[in-house]
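As stored in work-v5.pdb (PDB, N, CA and C atoms):
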```pdb
ATOM      1  N   MET A 511     -48.627  -4.434 -67.945
ATOM      2  CA  MET A 511     -49.706  -4.384 -66.998
ATOM      3  C   MET A 511     -49.384  -3.411 -65.865
ATOM      4  N   LEU A 512     -48.166  -3.445 -65.356
ATOM      5  CA  LEU A 512     -47.812  -2.543 -64.252
ATOM      6  C   LEU A 512     -47.880  -1.075 -64.665
ATOM      7  N   GLY A 513     -47.683  -0.783 -65.927
ATOM      8  CA  GLY A 513     -47.729   0.586 -66.388
ATOM      9  C   GLY A 513     -49.096   1.235 -66.249
ATOM     10  N   ARG A 514     -50.134   0.412 -66.150
ATOM     11  CA  ARG A 514     -51.493   0.945 -66.009
ATOM     12  C   ARG A 514     -51.938   1.054 -64.556
ATOM     13  N   GLN A 515     -51.147   0.562 -63.635
ATOM     14  CA  GLN A 515     -51.544   0.546 -62.228
ATOM     15  C   GLN A 515     -51.310   1.898 -61.570
ATOM     16  N   ARG A 516     -52.152   2.219 -60.617
ATOM     17  CA  ARG A 516     -51.985   3.469 -59.871
ATOM     18  C   ARG A 516     -51.422   3.215 -58.488
ATOM     19  N   ALA A 517     -51.336   1.935 -58.096
ATOM     20  CA  ALA A 517     -50.717   1.530 -56.828
ATOM     21  C   ALA A 517     -50.455   0.033 -56.906
ATOM     22  N   VAL A 518     -49.512  -0.432 -56.115
ATOM     23  CA  VAL A 518     -49.225  -1.863 -55.995
ATOM     24  C   VAL A 518     -49.432  -2.227 -54.530
ATOM     25  N   LEU A 519     -50.254  -3.238 -54.285
ATOM     26  CA  LEU A 519     -50.548  -3.683 -52.931
ATOM     27  C   LEU A 519     -49.925  -5.046 -52.714
ATOM     28  N   LEU A 520     -49.148  -5.175 -51.650
ATOM     29  CA  LEU A 520     -48.493  -6.436 -51.321
ATOM     30  C   LEU A 520     -49.044  -6.950 -50.002
ATOM     31  N   GLY A 521     -49.162  -8.249 -49.902
ATOM     32  CA  GLY A 521     -49.698  -8.867 -48.694
ATOM     33  C   GLY A 521     -48.680  -8.903 -47.570
ATOM     34  N   ALA A 522     -49.046  -9.628 -46.539
ATOM     35  CA  ALA A 522     -48.170  -9.819 -45.390
ATOM     36  C   ALA A 522     -47.230 -10.989 -45.690
ATOM     37  N   PHE A 523     -45.961 -10.769 -45.551
ATOM     38  CA  PHE A 523     -44.968 -11.814 -45.792
ATOM     39  C   PHE A 523     -44.508 -12.340 -44.442
ATOM     40  N   THR A 524     -44.972 -13.527 -44.088
ATOM     41  CA  THR A 524     -44.625 -14.131 -42.803
ATOM     42  C   THR A 524     -43.661 -15.287 -43.039
ATOM     43  N   ASP A 525     -42.890 -15.596 -42.045
ATOM     44  CA  ASP A 525     -41.932 -16.705 -42.100
ATOM     45  C   ASP A 525     -40.950 -16.563 -43.255
ATOM     46  N   TYR A 526     -40.667 -15.324 -43.642
ATOM     47  CA  TYR A 526     -39.726 -15.060 -44.733
ATOM     48  C   TYR A 526     -38.308 -15.316 -44.249
ATOM     49  N   GLU A 527     -37.526 -16.011 -45.047
ATOM     50  CA  GLU A 527     -36.119 -16.267 -44.746
ATOM     51  C   GLU A 527     -35.283 -15.940 -45.976
ATOM     52  N   LEU A 528     -34.177 -15.263 -45.780
ATOM     53  CA  LEU A 528     -33.264 -14.943 -46.866
ATOM     54  C   LEU A 528     -32.500 -16.216 -47.254
ATOM     55  N   HIS A 529     -32.405 -16.487 -48.554
ATOM     56  CA  HIS A 529     -31.703 -17.669 -49.055
ATOM     57  C   HIS A 529     -30.545 -17.236 -49.948
ATOM     58  N   ALA A 530     -29.654 -18.146 -50.226
ATOM     59  CA  ALA A 530     -28.469 -17.851 -51.030
ATOM     60  C   ALA A 530     -28.833 -17.319 -52.415
ATOM     61  N   HIS A 531     -29.889 -17.856 -53.022
ATOM     62  CA  HIS A 531     -30.267 -17.419 -54.364
ATOM     63  C   HIS A 531     -30.893 -16.014 -54.371
ATOM     64  N   ASP A 532     -31.155 -15.442 -53.193
ATOM     65  CA  ASP A 532     -31.676 -14.070 -53.105
ATOM     66  C   ASP A 532     -30.580 -13.038 -53.348
ATOM     67  N   ASP A 533     -29.335 -13.506 -53.421
ATOM     68  CA  ASP A 533     -28.185 -12.655 -53.733
ATOM     69  C   ASP A 533     -28.073 -11.446 -52.800
ATOM     70  N   GLY A 534     -28.499 -11.626 -51.544
ATOM     71  CA  GLY A 534     -28.371 -10.565 -50.547
ATOM     72  C   GLY A 534     -29.508  -9.570 -50.528
ATOM     73  N   TYR A 535     -30.455  -9.684 -51.462
ATOM     74  CA  TYR A 535     -31.588  -8.761 -51.498
ATOM     75  C   TYR A 535     -32.701  -9.291 -50.598
ATOM     76  N   ASP A 536     -32.945  -8.581 -49.509
ATOM     77  CA  ASP A 536     -34.029  -8.995 -48.633
ATOM     78  C   ASP A 536     -35.333  -8.346 -49.094
ATOM     79  N   LEU A 537     -36.407  -8.657 -48.419
ATOM     80  CA  LEU A 537     -37.718  -8.162 -48.815
ATOM     81  C   LEU A 537     -37.779  -6.634 -48.782
ATOM     82  N   ASP A 538     -37.151  -6.020 -47.793
ATOM     83  CA  ASP A 538     -37.141  -4.554 -47.723
ATOM     84  C   ASP A 538     -36.452  -3.946 -48.944
ATOM     85  N   ALA A 539     -35.370  -4.571 -49.407
ATOM     86  CA  ALA A 539     -34.663  -4.070 -50.587
ATOM     87  C   ALA A 539     -35.523  -4.201 -51.843
ATOM     88  N   VAL A 540     -36.256  -5.297 -51.953
ATOM     89  CA  VAL A 540     -37.128  -5.509 -53.109
ATOM     90  C   VAL A 540     -38.255  -4.474 -53.118
ATOM     91  N   VAL A 541     -38.850  -4.218 -51.962
ATOM     92  CA  VAL A 541     -39.926  -3.223 -51.873
ATOM     93  C   VAL A 541     -39.380  -1.834 -52.195
ATOM     94  N   ALA A 542     -38.206  -1.493 -51.679
ATOM     95  CA  ALA A 542     -37.599  -0.185 -51.978
ATOM     96  C   ALA A 542     -37.342  -0.043 -53.478
ATOM     97  N   HIS A 543     -36.863  -1.108 -54.112
ATOM     98  CA  HIS A 543     -36.630  -1.090 -55.557
ATOM     99  C   HIS A 543     -37.944  -0.885 -56.311
ATOM    100  N   ALA A 544     -38.985  -1.592 -55.894
ATOM    101  CA  ALA A 544     -40.289  -1.458 -56.550
ATOM    102  C   ALA A 544     -40.813  -0.032 -56.406
ATOM    103  N   ARG A 545     -40.668   0.546 -55.228
ATOM    104  CA  ARG A 545     -41.135   1.922 -55.021
ATOM    105  C   ARG A 545     -40.390   2.895 -55.927
ATOM    106  N   ALA A 546     -39.099   2.698 -56.090
ATOM    107  CA  ALA A 546     -38.294   3.598 -56.920
ATOM    108  C   ALA A 546     -38.563   3.373 -58.409
ATOM    109  N   ARG A 547     -38.820   2.150 -58.779
ATOM    110  CA  ARG A 547     -38.921   1.786 -60.197
ATOM    111  C   ARG A 547     -40.315   1.943 -60.797
ATOM    112  N   PHE A 548     -41.353   1.618 -60.021
ATOM    113  CA  PHE A 548     -42.702   1.580 -60.578
ATOM    114  C   PHE A 548     -43.321   2.953 -60.746
ATOM    115  N   GLY A 549     -42.909   3.914 -59.940
ATOM    116  CA  GLY A 549     -43.468   5.258 -60.057
ATOM    117  C   GLY A 549     -44.880   5.394 -59.516
ATOM    118  N   VAL A 550     -45.326   4.407 -58.729
ATOM    119  CA  VAL A 550     -46.632   4.459 -58.070
ATOM    120  C   VAL A 550     -46.434   4.039 -56.614
ATOM    121  N   PRO A 551     -47.372   4.384 -55.739
ATOM    122  CA  PRO A 551     -47.240   3.941 -54.339
ATOM    123  C   PRO A 551     -47.220   2.421 -54.236
ATOM    124  N   VAL A 552     -46.388   1.903 -53.346
ATOM    125  CA  VAL A 552     -46.334   0.473 -53.058
ATOM    126  C   VAL A 552     -46.654   0.315 -51.573
ATOM    127  N   TRP A 553     -47.777  -0.337 -51.280
ATOM    128  CA  TRP A 553     -48.216  -0.545 -49.906
ATOM    129  C   TRP A 553     -47.958  -1.996 -49.529
ATOM    130  N   THR A 554     -47.457  -2.218 -48.325
ATOM    131  CA  THR A 554     -47.119  -3.568 -47.864
ATOM    132  C   THR A 554     -47.908  -3.908 -46.605
ATOM    133  N   GLY A 555     -47.912  -5.193 -46.278
ATOM    134  CA  GLY A 555     -48.501  -5.655 -45.028
ATOM    135  C   GLY A 555     -50.010  -5.800 -45.043
ATOM    136  N   LEU A 556     -50.619  -5.827 -46.225
ATOM    137  CA  LEU A 556     -52.067  -6.004 -46.268
ATOM    138  C   LEU A 556     -52.432  -7.430 -45.873
ATOM    139  N   PRO A 557     -53.582  -7.605 -45.231
ATOM    140  CA  PRO A 557     -53.940  -8.943 -44.729
ATOM    141  C   PRO A 557     -54.523  -9.846 -45.814
ATOM    142  N   PHE A 558     -53.686 -10.241 -46.767
ATOM    143  CA  PHE A 558     -54.107 -11.241 -47.749
ATOM    144  C   PHE A 558     -52.899 -12.056 -48.141
ATOM    145  N   GLY A 559     -53.146 -13.196 -48.736
ATOM    146  CA  GLY A 559     -52.064 -14.095 -49.112
ATOM    147  C   GLY A 559     -52.069 -15.322 -48.215
ATOM    148  N   HIS A 560     -50.895 -15.858 -47.972
ATOM    149  CA  HIS A 560     -50.761 -17.082 -47.188
ATOM    150  C   HIS A 560     -50.551 -16.742 -45.719
ATOM    151  N   VAL A 561     -51.564 -16.137 -45.122
ATOM    152  CA  VAL A 561     -51.528 -15.789 -43.703
ATOM    153  C   VAL A 561     -52.807 -16.290 -43.046
ATOM    154  N   ARG A 562     -52.769 -16.460 -41.752
ATOM    155  CA  ARG A 562     -53.908 -17.044 -41.027
ATOM    156  C   ARG A 562     -55.166 -16.188 -41.147
ATOM    157  N   ASP A 563     -55.084 -14.938 -40.740
ATOM    158  CA  ASP A 563     -56.232 -14.037 -40.785
ATOM    159  C   ASP A 563     -56.110 -13.166 -42.025
ATOM    160  N   LYS A 564     -57.019 -13.335 -42.975
ATOM    161  CA  LYS A 564     -56.853 -12.657 -44.258
ATOM    162  C   LYS A 564     -58.161 -12.135 -44.816
ATOM    163  N   LEU A 565     -58.000 -11.198 -45.704
ATOM    164  CA  LEU A 565     -59.079 -10.654 -46.503
ATOM    165  C   LEU A 565     -59.044 -11.375 -47.841
ATOM    166  N   THR A 566     -60.191 -11.806 -48.347
ATOM    167  CA  THR A 566     -60.251 -12.440 -49.653
ATOM    168  C   THR A 566     -60.564 -11.379 -50.692
ATOM    169  N   LEU A 567     -59.701 -11.248 -51.675
ATOM    170  CA  LEU A 567     -59.875 -10.269 -52.732
ATOM    171  C   LEU A 567     -60.331 -10.973 -54.009
ATOM    172  N   PRO A 568     -61.365 -10.460 -54.669
ATOM    173  CA  PRO A 568     -61.852 -11.100 -55.890
ATOM    174  C   PRO A 568     -60.897 -10.872 -57.062
ATOM    175  N   VAL A 569     -60.652 -11.914 -57.831
ATOM    176  CA  VAL A 569     -59.818 -11.797 -59.023
ATOM    177  C   VAL A 569     -60.566 -10.938 -60.037
ATOM    178  N   GLY A 570     -59.901  -9.936 -60.565
ATOM    179  CA  GLY A 570     -60.513  -9.056 -61.543
ATOM    180  C   GLY A 570     -61.418  -8.002 -60.940
ATOM    181  N   GLY A 571     -61.485  -7.966 -59.619
ATOM    182  CA  GLY A 571     -62.327  -6.976 -58.960
ATOM    183  C   GLY A 571     -61.745  -5.579 -59.083
ATOM    184  N   ARG A 572     -62.578  -4.599 -58.882
ATOM    185  CA  ARG A 572     -62.145  -3.200 -58.931
ATOM    186  C   ARG A 572     -62.164  -2.660 -57.509
ATOM    187  N   ALA A 573     -61.209  -1.801 -57.232
ATOM    188  CA  ALA A 573     -61.104  -1.259 -55.885
ATOM    189  C   ALA A 573     -60.567   0.160 -55.942
ATOM    190  N   THR A 574     -60.812   0.881 -54.871
ATOM    191  CA  THR A 574     -60.256   2.217 -54.697
ATOM    192  C   THR A 574     -59.435   2.201 -53.422
ATOM    193  N   LEU A 575     -58.227   2.701 -53.501
ATOM    194  CA  LEU A 575     -57.353   2.801 -52.339
ATOM    195  C   LEU A 575     -57.375   4.250 -51.866
ATOM    196  N   ILE A 576     -57.823   4.458 -50.647
ATOM    197  CA  ILE A 576     -57.885   5.794 -50.062
ATOM    198  C   ILE A 576     -56.793   5.888 -49.002
ATOM    199  N   THR A 577     -55.904   6.848 -49.152
ATOM    200  CA  THR A 577     -54.808   7.009 -48.192
ATOM    201  C   THR A 577     -54.933   8.350 -47.490
ATOM    202  N   ARG A 578     -54.616   8.325 -46.198
ATOM    203  CA  ARG A 578     -54.687   9.549 -45.412
ATOM    204  C   ARG A 578     -53.818   9.378 -44.164
ATOM    205  N   ASP A 579     -52.917  10.320 -43.965
ATOM    206  CA  ASP A 579     -52.073  10.344 -42.771
ATOM    207  C   ASP A 579     -51.335   9.018 -42.529
ATOM    208  N   GLY A 580     -50.824   8.405 -43.586
ATOM    209  CA  GLY A 580     -50.056   7.171 -43.462
ATOM    210  C   GLY A 580     -50.887   5.910 -43.319
ATOM    211  N   ALA A 581     -52.206   6.046 -43.325
ATOM    212  CA  ALA A 581     -53.093   4.882 -43.246
ATOM    213  C   ALA A 581     -53.775   4.704 -44.597
ATOM    214  N   ALA A 582     -54.236   3.492 -44.859
ATOM    215  CA  ALA A 582     -54.882   3.210 -46.133
ATOM    216  C   ALA A 582     -56.172   2.441 -45.897
ATOM    217  N   GLU A 583     -57.138   2.697 -46.768
ATOM    218  CA  GLU A 583     -58.413   1.974 -46.753
ATOM    219  C   GLU A 583     -58.662   1.475 -48.176
ATOM    220  N   LEU A 584     -58.968   0.204 -48.300
ATOM    221  CA  LEU A 584     -59.253  -0.403 -49.600
ATOM    222  C   LEU A 584     -60.754  -0.618 -49.700
ATOM    223  N   VAL A 585     -61.379   0.005 -50.690
ATOM    224  CA  VAL A 585     -62.819  -0.093 -50.887
ATOM    225  C   VAL A 585     -63.062  -0.897 -52.150
ATOM    226  N   LEU A 586     -63.706  -2.056 -52.010
ATOM    227  CA  LEU A 586     -64.016  -2.921 -53.150
ATOM    228  C   LEU A 586     -65.304  -2.433 -53.807
ATOM    229  N   ARG A 587     -65.333  -2.497 -55.141
ATOM    230  CA  ARG A 587     -66.496  -2.049 -55.916
ATOM    231  C   ARG A 587     -66.964  -3.171 -56.812
ATOM    232  N   ASP A 588     -68.197  -3.042 -57.295
ATOM    233  CA  ASP A 588     -68.693  -3.979 -58.301
ATOM    234  C   ASP A 588     -67.891  -3.785 -59.567
ATOM    235  N   ARG A 589     -67.854  -4.811 -60.390
ATOM    236  CA  ARG A 589     -67.154  -4.689 -61.673
ATOM    237  C   ARG A 589     -67.829  -3.643 -62.535
ATOM    238  N   ALA A 590     -67.017  -2.911 -63.285
ATOM    239  CA  ALA A 590     -67.564  -1.876 -64.162
ATOM    240  C   ALA A 590     -67.771  -2.411 -65.550
TER     241      ALA A 590
END
```

What's the structure tokens form of this structure?
Amino acid sequence: MLGRQRAVLLGAFTDYELHAHDDGYDLDAVVAHARARFGVPVWTGLPFGHVRDKLTLPVGGRATLITRDGAAELVLRDRA
């Protein structure tokens, strides 16, 4: 599935704590690994997931990610 993606979007990770089973890999290390391994842009900090103020994203929805000057805009579209 990841091989067909043109970008990976990750939500905001709040109250994150490093645990012993993380083997020393913090969230920044995981994101850096994903960026190096996936071969597509990996954007972090989007307002969705288990956070107070969030955007609701439809399951199976289609979207276009527009990036410019280090900023990103996510445009949701009707299903094709």

task: Go through chain A and collect every residue that DSSP, computed from the backbone, puts in strand (DSSP E); the answer should be as number ranges by chain.
output: A: 518-521, 552-556, 572-578, 581-587

message: Just to confirm, what's the straight-line distance from atom CA of A:Asp525 to atom CA of A:His560 in Å (one decimal)?
response: 10.2 Å

message: So the first atom is atom C of A:Val540 and the second is atom N of A:Leu586; what is the distance between them in Å, to one decimal place?
response: 25.6 Å

Let me know the residues the PyMOL selection byres (((chain A and resi 567 and name CA) around 12) and name CA) catches in the file above, as a tab-separated table (two decimals) with N, CA and C atoms, in the coordinates of the input.
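Below you can see expr32.tsv, which holds the result:
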```tsv
chain	number	residue	atom	x	y	z
A	519	LEU	N	-50.25	-3.24	-54.28
A	519	LEU	CA	-50.55	-3.68	-52.93
A	519	LEU	C	-49.92	-5.05	-52.71
A	521	GLY	N	-49.16	-8.25	-49.90
A	521	GLY	CA	-49.70	-8.87	-48.69
A	521	GLY	C	-48.68	-8.90	-47.57
A	556	LEU	N	-50.62	-5.83	-46.22
A	556	LEU	CA	-52.07	-6.00	-46.27
A	556	LEU	C	-52.43	-7.43	-45.87
A	557	PRO	N	-53.58	-7.60	-45.23
A	557	PRO	CA	-53.94	-8.94	-44.73
A	557	PRO	C	-54.52	-9.85	-45.81
A	558	PHE	N	-53.69	-10.24	-46.77
A	558	PHE	CA	-54.11	-11.24	-47.75
A	558	PHE	C	-52.90	-12.06	-48.14
A	559	GLY	N	-53.15	-13.20	-48.74
A	559	GLY	CA	-52.06	-14.10	-49.11
A	559	GLY	C	-52.07	-15.32	-48.22
A	564	LYS	N	-57.02	-13.34	-42.98
A	564	LYS	CA	-56.85	-12.66	-44.26
A	564	LYS	C	-58.16	-12.14	-44.82
A	565	LEU	N	-58.00	-11.20	-45.70
A	565	LEU	CA	-59.08	-10.65	-46.50
A	565	LEU	C	-59.04	-11.38	-47.84
A	566	THR	N	-60.19	-11.81	-48.35
A	566	THR	CA	-60.25	-12.44	-49.65
A	566	THR	C	-60.56	-11.38	-50.69
A	568	PRO	N	-61.36	-10.46	-54.67
A	568	PRO	CA	-61.85	-11.10	-55.89
A	568	PRO	C	-60.90	-10.87	-57.06
A	569	VAL	N	-60.65	-11.91	-57.83
A	569	VAL	CA	-59.82	-11.80	-59.02
A	569	VAL	C	-60.57	-10.94	-60.04
A	570	GLY	N	-59.90	-9.94	-60.56
A	570	GLY	CA	-60.51	-9.06	-61.54
A	570	GLY	C	-61.42	-8.00	-60.94
A	571	GLY	N	-61.48	-7.97	-59.62
A	571	GLY	CA	-62.33	-6.98	-58.96
A	571	GLY	C	-61.74	-5.58	-59.08
A	572	ARG	N	-62.58	-4.60	-58.88
A	572	ARG	CA	-62.14	-3.20	-58.93
A	572	ARG	C	-62.16	-2.66	-57.51
A	573	ALA	N	-61.21	-1.80	-57.23
A	573	ALA	CA	-61.10	-1.26	-55.88
A	573	ALA	C	-60.57	0.16	-55.94
A	584	LEU	N	-58.97	0.20	-48.30
A	584	LEU	CA	-59.25	-0.40	-49.60
A	584	LEU	C	-60.75	-0.62	-49.70
A	585	VAL	N	-61.38	0.00	-50.69
A	585	VAL	CA	-62.82	-0.09	-50.89
A	585	VAL	C	-63.06	-0.90	-52.15
A	586	LEU	N	-63.71	-2.06	-52.01
A	586	LEU	CA	-64.02	-2.92	-53.15
A	586	LEU	C	-65.30	-2.43	-53.81
A	587	ARG	N	-65.33	-2.50	-55.14
A	587	ARG	CA	-66.50	-2.05	-55.92
A	587	ARG	C	-66.96	-3.17	-56.81
```

message: For a quick check of understanding, using all atoms listed in the file, which of A:Met511, A:Ala582, A:Asp588, A:Leu520 has the smallest distance to A:Thr554?
response: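 Closest candidate: A:Leu520.
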
query: Between A:Asp538, A:Trp553, A:Leu528, A:Asp533, which is the closest to A:Glu583 once you count only C-alpha atoms?
result: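 Closest candidate: A:Trp553.
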
message: DSSP on the backbone: which residues in chain A end up as alpha helix (DSSP H)? Give the answer as a PyMOL selection string.
response: chain A and resi 537-548

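Atom CA of A:Thr577 is positioned 22.9 Å from atom CA of A:Leu537.
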
message: Here is a test: counting all atoms listed in the file, which residue of A:Phe548, A:Arg562, A:Gly534, A:Asp579 is nearest to A:Gly513?
response: A:Phe548

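Proximity to A:Gly555 was assessed for A:Tyr535, A:Val541, A:Gln515, A:Ala530 counting only C-alpha atoms; the smallest distance is recorded for A:Val541.
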
- request: Mind checking which residues fall within 8 Å of A:Arg516, counting only N, CA and C atoms, ignoring those fewer than 2 positions away in the same chain, and posting them as a count of residues only?
  value: 9
